[in-house]
Amino acid sequence: MRWLAELVGFPHPPAAGLLTSGASMATITALATARHQAFRDQGHDVRETGLYGHRPMALYVSAEAHSCLRKAAELLGLGTRYLRTVPVDSAFRMDTGELRRLIAADQRAGVRPFFVAASAGTVNTGAVDPLDDIAAIALEHRLWFHVDGAYGALGILADDAAPGFAGLERADSLALDPHKWLGVPVDAGCILFREPAGPRDAFSLVPPTCATRTPGSWAGSPSTAPNRPARSERCAYGPRSPTSAGTASFTWYSTPLGSRARSPS
Ligand SMILES: *Cc1c(COP(=O)(O)O)cnc(C)c1O
């Protein structure tokens with residue numbers, strides 16, 4: 001996970017990450033985390049109350065975005081009515097002027113903007129959205145900034161293409177698909193988070209079967225899937241080192257297939 005983050009220039013230790021079945025599941029994981037955070041900012045715990053009685057929140061994707069974003073919005077109860085499709089420019093990149101216009105329209109209508117997804121390589125044309133500009137707009141309006149780099153983020157490794165990815169490192173979450181350009185021969189998606197607290201707050205649940213005996217550490221289900229078969233890896237949380245046990249410095253790490261969760265060395 002750390003290797004993947006370094007590979008695509010997403011240097012945010014202690015950050016968090018999770019291997020998933022693909023970029024679709026990575027996207028659901030990211031959107032669920034953003035949803036949890038947006039609700040919490042408004043004084044609601046979506047894990048406890050669900051979406052009931054809450055005013056709508058809008059999310060923004062470009063007209064060239066992958067359909068997994070729409071599916072994630074549907075599955076998480078956010079509703080396609082509040083999924084805004086931002087028009088693209090002549091190079092098939094998200095038109096940030098249009099993004100601003102849509103955000104302003106939602107604010108006027110009492111709908112809270114909370115999430116924007118940029119593409120780092122669209123399926124149709126390989127277009128990379130203006131990530132830096134979108135990051136700035138997200139910061140200004142306190143939106144979660146997600147980047148879908150399923151296959152395209154690896155383009156950052158090509159020297160002549162790298163400048164086009166400026167701003168990718170500012171994402172709150174980044175979806176990757178090692179089963180595409182990295183050629184991993186089994187299902188392997190990945191979601192990387194800038195802040196480990198986000199997914200921990202959105203997903204952590206420690207049933208007795210997952211409790212560890214190591215003082216200060218814990219394992220559980222920091223994702224949608226508490227137990228996964230030998231499809232990718234089992235992930236858990238733990239303190240970064242025995243000396244930091246009990247502090248807020250958490251990271252995600254992976255245990256080898258079939259082994260029990262344990263503290264990282
Ligand atoms: C492939 C792809 C996805 C979906 O990934 P799966 O691994 O099929 O779930 C999402 N976004 C982009 C840009 C993709 O190329």
# chains A, B, ... in the order shown; residues from 1 in each chain; ligands from 1
$ residues_around --residues "stretch 153-170 of chain A" --least-positions-apart "4" --cutoff "6 Å" --atoms "only C-alpha atoms" --output "ChimeraX atom specification"
/A:10,120,131-132,149
$ residues_near_ligand --ligand "ligand 1" --cutoff "12 Å" --atoms "only C-alpha atoms and all ligand atoms" --output "PyMOL selection string"
chain A and resi 19-29+61-62+64-72+117-129+146-154+174-181+184+186-191
$ residues_around --residues "A:Phe114" --least-positions-apart "6" --cutoff "7 Å" --atoms "only C-alpha atoms" --output "list in words"
Ala38, Met57, Ala58, Leu59, Arg142, Leu143 and Trp144 of chain A
$ select_by_dssp --residues "stretch 51-90 of chain A" --states "helix (DSSP H, G or I)" --output "JSON, numbers by chain"
{"A": [67, 68, 69, 70, 71, 72, 73, 74, 75, 80, 81, 82]}
$ residues_around --residues "A:Arg84" --least-positions-apart "2" --cutoff "10 Å" --atoms "only C-alpha atoms" --output "ChimeraX atom specification"
/A:58-63,70,80-82,86-87,99,102-103,106,113,116
$ residues_around --residues "A:Phe39" --least-positions-apart "3" --cutoff "12 Å" --atoms "only C-alpha atoms" --output "number ranges by chain"
A: 32-36, 42-57, 78, 112-115, 201-202
$ write_last_selection --atoms "N, CA, C and O atoms" --output "short mmCIF file (atom, residue, chain, number, x, y, z; two decimals), in the first residue's frame"
data_model
loop_
_atom_site.label_atom_id
_atom_site.label_comp_id
_atom_site.auth_asym_id
_atom_site.auth_seq_id
_atom_site.Cartn_x
_atom_site.Cartn_y
_atom_site.Cartn_z
N ALA A 32 -18.35 6.63 1.02
CA ALA A 32 -18.95 6.37 2.34
C ALA A 32 -18.19 7.15 3.42
O ALA A 32 -18.80 7.68 4.36
N THR A 33 -16.89 7.24 3.27
CA THR A 33 -16.08 7.98 4.23
C THR A 33 -16.40 9.48 4.16
O THR A 33 -16.58 10.14 5.18
N ALA A 34 -16.48 9.99 2.93
CA ALA A 34 -16.81 11.41 2.75
C ALA A 34 -18.20 11.71 3.27
O ALA A 34 -18.44 12.75 3.89
N ARG A 35 -19.11 10.81 3.04
CA ARG A 35 -20.49 10.98 3.52
C ARG A 35 -20.51 11.05 5.04
O ARG A 35 -21.16 11.91 5.63
N HIS A 36 -19.80 10.13 5.67
CA HIS A 36 -19.76 10.12 7.12
C HIS A 36 -19.22 11.44 7.67
O HIS A 36 -19.78 12.03 8.59
N GLN A 42 -22.12 18.34 10.26
CA GLN A 42 -23.40 18.99 10.50
C GLN A 42 -24.09 18.44 11.75
O GLN A 42 -25.29 18.63 11.95
N GLY A 43 -23.31 17.73 12.54
CA GLY A 43 -23.83 17.27 13.82
C GLY A 43 -24.64 15.99 13.77
O GLY A 43 -25.40 15.70 14.70
N HIS A 44 -24.47 15.22 12.70
CA HIS A 44 -25.21 13.96 12.59
C HIS A 44 -24.25 12.78 12.51
O HIS A 44 -23.22 12.88 11.86
N ASP A 45 -24.64 11.68 13.11
CA ASP A 45 -23.87 10.45 12.96
C ASP A 45 -24.64 9.54 12.02
O ASP A 45 -25.63 8.92 12.41
N VAL A 46 -24.18 9.48 10.77
CA VAL A 46 -24.92 8.71 9.77
C VAL A 46 -24.92 7.22 10.08
O VAL A 46 -25.81 6.48 9.68
N ARG A 47 -23.93 6.77 10.86
CA ARG A 47 -23.90 5.34 11.22
C ARG A 47 -25.05 5.02 12.17
O ARG A 47 -25.53 3.89 12.20
N GLU A 48 -25.46 6.00 12.93
CA GLU A 48 -26.53 5.77 13.89
C GLU A 48 -27.91 6.07 13.29
O GLU A 48 -28.84 5.27 13.42
N THR A 49 -28.03 7.19 12.62
CA THR A 49 -29.37 7.62 12.18
C THR A 49 -29.65 7.36 10.71
O THR A 49 -30.78 7.54 10.27
N GLY A 50 -28.64 6.95 9.96
CA GLY A 50 -28.86 6.81 8.53
C GLY A 50 -29.07 8.18 7.91
O GLY A 50 -28.65 9.20 8.46
N LEU A 51 -29.75 8.21 6.77
CA LEU A 51 -29.95 9.47 6.07
C LEU A 51 -31.25 10.15 6.45
O LEU A 51 -31.56 11.23 5.96
N TYR A 52 -32.00 9.53 7.35
CA TYR A 52 -33.34 10.05 7.65
C TYR A 52 -33.32 11.46 8.20
O TYR A 52 -32.51 11.80 9.06
N GLY A 53 -34.21 12.27 7.68
CA GLY A 53 -34.41 13.60 8.22
C GLY A 53 -33.28 14.57 7.92
O GLY A 53 -33.14 15.59 8.59
N HIS A 54 -32.48 14.24 6.95
CA HIS A 54 -31.35 15.11 6.66
C HIS A 54 -31.54 15.80 5.32
O HIS A 54 -32.05 15.19 4.38
N ARG A 55 -31.09 17.05 5.25
CA ARG A 55 -31.27 17.74 3.97
C ARG A 55 -30.29 17.18 2.93
O ARG A 55 -29.22 16.69 3.28
N PRO A 56 -30.68 17.28 1.66
CA PRO A 56 -29.86 16.66 0.61
C PRO A 56 -28.46 17.27 0.51
O PRO A 56 -28.26 18.43 0.82
N MET A 57 -27.54 16.44 0.05
CA MET A 57 -26.17 16.89 -0.18
C MET A 57 -25.82 16.55 -1.64
O MET A 57 -26.21 15.50 -2.15
N LEU A 78 -27.49 8.45 -1.59
CA LEU A 78 -27.32 9.89 -1.83
C LEU A 78 -28.22 10.38 -2.96
O LEU A 78 -28.53 11.58 -3.03
N ARG A 112 -26.50 21.04 0.23
CA ARG A 112 -25.12 21.20 0.66
C ARG A 112 -24.16 20.45 -0.26
O ARG A 112 -24.20 19.23 -0.33
N PRO A 113 -23.25 21.18 -0.94
CA PRO A 113 -22.23 20.51 -1.75
C PRO A 113 -21.24 19.82 -0.81
O PRO A 113 -20.81 20.42 0.18
N PHE A 114 -20.87 18.54 -1.09
CA PHE A 114 -19.94 17.90 -0.15
C PHE A 114 -18.85 17.07 -0.80
O PHE A 114 -17.89 16.69 -0.11
N PHE A 115 -18.93 16.80 -2.09
CA PHE A 115 -17.98 15.84 -2.67
C PHE A 115 -17.76 16.15 -4.14
O PHE A 115 -18.73 16.40 -4.87
N ASP A 201 -13.20 6.34 11.31
CA ASP A 201 -14.46 6.78 11.91
C ASP A 201 -15.67 6.22 11.16
O ASP A 201 -16.70 5.92 11.75
N ALA A 202 -15.52 6.09 9.85
CA ALA A 202 -16.67 5.65 9.04
C ALA A 202 -16.92 4.15 9.15
O ALA A 202 -18.05 3.70 8.99
#
$ atom_distance --atom1 "atom CA of A:Ala30" --atom2 "atom CA of A:Glu6"
19.2 Å
$ select_by_dssp --residues "stretch 5-168 of chain A" --states "strand (DSSP E)" --output "count of residues only"
28
$ atom_distance --atom1 "atom CA of A:Ala5" --atom2 "atom CA of A:Pro199"
16.5 Å
$ closest_residue --among "A:Ala91, A:Leu139, A:Ala109, A:Leu4" --to "A:Asp172" --atoms "only C-alpha atoms"
A:Leu139
